[in-house]
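Asks: So that you have it, the file is my_file_16.cif, and it contains mmCIF, C-alpha atoms; chains and numbers go by the auth columns:
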data_data
loop_
_atom_site.group_PDB
_atom_site.id
_atom_site.type_symbol
_atom_site.label_atom_id
_atom_site.label_comp_id
_atom_site.label_asym_id
_atom_site.label_seq_id
_atom_site.Cartn_x
_atom_site.Cartn_y
_atom_site.Cartn_z
_atom_site.B_iso_or_equiv
_atom_site.auth_seq_id
_atom_site.auth_asym_id
ATOM 1 C CA MET A 1 -9.786 -115.261 -41.317 0.00 1 A
ATOM 2 C CA LYS A 2 -13.190 -114.602 -42.847 0.00 2 A
ATOM 3 C CA SER A 3 -13.541 -115.273 -46.549 0.00 3 A
ATOM 4 C CA GLU A 4 -17.035 -113.779 -46.815 0.00 4 A
ATOM 5 C CA LYS A 5 -17.334 -110.355 -48.366 0.00 5 A
ATOM 6 C CA ARG A 6 -19.165 -107.775 -46.291 0.00 6 A
ATOM 7 C CA THR A 7 -21.626 -105.497 -48.038 0.00 7 A
ATOM 8 C CA PRO A 8 -22.338 -102.014 -46.698 0.00 8 A
ATOM 9 C CA ASN A 9 -25.925 -101.022 -45.955 0.00 9 A
ATOM 10 C CA PRO A 10 -26.934 -98.846 -48.963 0.00 10 A
ATOM 11 C CA GLU A 11 -29.239 -96.645 -46.871 0.00 11 A
ATOM 12 C CA ARG A 12 -26.469 -95.924 -44.402 0.00 12 A
ATOM 13 C CA VAL A 13 -24.013 -95.154 -47.213 0.00 13 A
ATOM 14 C CA ALA A 14 -26.541 -92.730 -48.730 0.00 14 A
ATOM 15 C CA PHE A 15 -27.047 -91.115 -45.313 0.00 15 A
ATOM 16 C CA LEU A 16 -23.322 -90.517 -44.857 0.00 16 A
ATOM 17 C CA ARG A 17 -23.072 -89.058 -48.366 0.00 17 A
ATOM 18 C CA SER A 18 -25.947 -86.665 -47.637 0.00 18 A
ATOM 19 C CA LEU A 19 -24.246 -85.117 -44.608 0.00 19 A
ATOM 20 C CA PRO A 20 -22.793 -81.599 -44.874 0.00 20 A
ATOM 21 C CA ILE A 21 -19.111 -81.534 -45.792 0.00 21 A
ATOM 22 C CA GLU A 22 -18.160 -80.080 -42.399 0.00 22 A
ATOM 23 C CA VAL A 23 -19.651 -83.122 -40.662 0.00 23 A
ATOM 24 C CA LYS A 24 -18.125 -85.620 -43.109 0.00 24 A
ATOM 25 C CA GLN A 25 -14.685 -84.143 -42.488 0.00 25 A
ATOM 26 C CA GLU A 26 -15.011 -84.904 -38.764 0.00 26 A
ATOM 27 C CA ILE A 27 -15.959 -88.578 -39.228 0.00 27 A
ATOM 28 C CA THR A 28 -13.102 -91.072 -39.016 0.00 28 A
ATOM 29 C CA GLY A 29 -12.717 -94.073 -41.293 0.00 29 A
ATOM 30 C CA GLU A 30 -13.352 -96.428 -38.399 0.00 30 A
ATOM 31 C CA GLU A 31 -16.582 -94.598 -37.499 0.00 31 A
ATOM 32 C CA SER A 32 -17.908 -94.616 -41.054 0.00 32 A
ATOM 33 C CA GLU A 33 -17.037 -98.282 -41.541 0.00 33 A
ATOM 34 C CA ALA A 34 -18.804 -99.294 -38.333 0.00 34 A
ATOM 35 C CA PHE A 35 -21.874 -97.303 -39.405 0.00 35 A
ATOM 36 C CA MET A 36 -22.004 -98.584 -43.009 0.00 36 A
ATOM 37 C CA PHE A 37 -21.637 -102.214 -42.008 0.00 37 A
ATOM 38 C CA ALA A 38 -24.380 -101.973 -39.347 0.00 38 A
ATOM 39 C CA GLU A 39 -22.037 -102.570 -36.460 0.00 39 A
ATOM 40 C CA GLU A 40 -22.535 -100.796 -33.154 0.00 40 A
ATOM 41 C CA ILE A 41 -22.295 -97.065 -33.770 0.00 41 A
ATOM 42 C CA PRO A 42 -19.439 -95.506 -31.806 0.00 42 A
ATOM 43 C CA GLU A 43 -20.587 -92.821 -29.334 0.00 43 A
ATOM 44 C CA SER A 44 -18.167 -90.379 -30.989 0.00 44 A
ATOM 45 C CA LEU A 45 -19.945 -90.833 -34.336 0.00 45 A
ATOM 46 C CA TYR A 46 -23.391 -90.558 -32.797 0.00 46 A
ATOM 47 C CA GLU A 47 -22.452 -87.181 -31.298 0.00 47 A
ATOM 48 C CA LYS A 48 -21.408 -85.958 -34.756 0.00 48 A
ATOM 49 C CA ILE A 49 -24.546 -87.105 -36.624 0.00 49 A
ATOM 50 C CA LYS A 50 -27.318 -86.962 -34.004 0.00 50 A
ATOM 51 C CA ASP A 51 -28.752 -83.719 -35.413 0.00 51 A
ATOM 52 C CA TYR A 52 -29.261 -85.411 -38.791 0.00 52 A
ATOM 53 C CA ILE A 53 -30.924 -88.632 -37.597 0.00 53 A
ATOM 54 C CA THR A 54 -34.704 -88.912 -37.927 0.00 54 A
ATOM 55 C CA ASP A 55 -36.941 -91.342 -36.067 0.00 55 A
ATOM 56 C CA ASP A 56 -38.716 -93.396 -38.757 0.00 56 A
ATOM 57 C CA SER A 57 -40.488 -95.579 -36.194 0.00 57 A
ATOM 58 C CA LYS A 58 -43.314 -93.045 -35.757 0.00 58 A
#
For this file, write the structure as structure tokens.

Replies:
Amino acid sequence: MKSEKRTPNPERVAFLRSLPIEVKQEITGEESEAFMFAEEIPESLYEKIKDYITDDSK
């Protein structure tokens, strides 16, 4: 069992909070946890948030 405490990515937490309420209501706890802790994003979550993601690499 891991004793280290995981810390969510603050930018990802802020992103989730900025989403419209209709979108937030569709996101499961497992999806939001995977996203906040920088794990692989589930395809189901990506489909829900893809319209709100911007490409900052440009």

Asks: Output the residue selection produced by the PyMOL selection byres ((chain A and resi 49-56) around 12) on the file above, formatted as a ChimeraX atom specification.

Replies: /A:12,15-20,22-27,31-32,35,41-48,57-58

Asks: Which distance in Å separates CA of Thr28 in chain A and CA of Glu40 in chain A, to one decimal?

Replies: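 Between CA of Thr28 in chain A and CA of Glu40 in chain A the gap works out to 14.8 Å.
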
Asks: Edge lengths and centre in Å to one decimal, as JSON, is what I'm after for the box along x, y and z that holds all listed atoms of range 18-27 of chain A once 5 Å is added on each side.

Replies:
{"center_x": -20.3, "center_y": -84.3, "center_z": -43.2, "size_x": 21.3, "size_y": 18.5, "size_z": 18.9}

Asks: Would you write out, as a ChimeraX atom specification, every residue that the PyMOL selection byres ((chain A and resi 9) around 7) captures in this file?

Replies: /A:7-8,10-13,36-38

Asks: Since the input lacks atoms, please generate N, CA and C atoms for range 32-47 of chain A and provide them as a CSV table (one decimal), keeping the file's coordinate frame.

Replies:
chain,number,residue,atom,x,y,z
A,32,SER,N,-17.1,-94.4,-39.9
A,32,SER,CA,-17.9,-94.6,-41.1
A,32,SER,C,-18.0,-96.1,-41.4
A,33,GLU,N,-17.0,-96.9,-41.3
A,33,GLU,CA,-17.0,-98.3,-41.5
A,33,GLU,C,-18.0,-99.0,-40.6
A,34,ALA,N,-17.9,-98.7,-39.3
A,34,ALA,CA,-18.8,-99.3,-38.3
A,34,ALA,C,-20.3,-99.0,-38.7
A,35,PHE,N,-20.5,-97.7,-39.1
A,35,PHE,CA,-21.9,-97.3,-39.4
A,35,PHE,C,-22.4,-98.0,-40.7
A,36,MET,N,-21.6,-98.0,-41.7
A,36,MET,CA,-22.0,-98.6,-43.0
A,36,MET,C,-22.3,-100.1,-42.9
A,37,PHE,N,-21.5,-100.8,-42.1
A,37,PHE,CA,-21.6,-102.2,-42.0
A,37,PHE,C,-22.5,-102.6,-40.8
A,38,ALA,N,-23.4,-101.7,-40.4
A,38,ALA,CA,-24.4,-102.0,-39.3
A,38,ALA,C,-23.8,-102.6,-38.1
A,39,GLU,N,-22.6,-102.2,-37.7
A,39,GLU,CA,-22.0,-102.6,-36.5
A,39,GLU,C,-22.5,-101.6,-35.4
A,40,GLU,N,-22.2,-101.8,-34.2
A,40,GLU,CA,-22.5,-100.8,-33.2
A,40,GLU,C,-21.9,-99.4,-33.5
A,41,ILE,N,-22.8,-98.4,-33.4
A,41,ILE,CA,-22.3,-97.1,-33.8
A,41,ILE,C,-21.5,-96.5,-32.6
A,42,PRO,N,-20.2,-96.1,-32.9
A,42,PRO,CA,-19.4,-95.5,-31.8
A,42,PRO,C,-20.1,-94.2,-31.3
A,43,GLU,N,-20.0,-94.0,-30.0
A,43,GLU,CA,-20.6,-92.8,-29.3
A,43,GLU,C,-20.0,-91.5,-30.0
A,44,SER,N,-18.8,-91.6,-30.4
A,44,SER,CA,-18.2,-90.4,-31.0
A,44,SER,C,-18.9,-90.0,-32.3
A,45,LEU,N,-19.2,-91.1,-33.1
A,45,LEU,CA,-19.9,-90.8,-34.3
A,45,LEU,C,-21.4,-90.4,-34.1
A,46,TYR,N,-22.0,-91.0,-33.1
A,46,TYR,CA,-23.4,-90.6,-32.8
A,46,TYR,C,-23.4,-89.1,-32.5
A,47,GLU,N,-22.5,-88.6,-31.7
A,47,GLU,CA,-22.5,-87.2,-31.3
A,47,GLU,C,-22.3,-86.3,-32.5
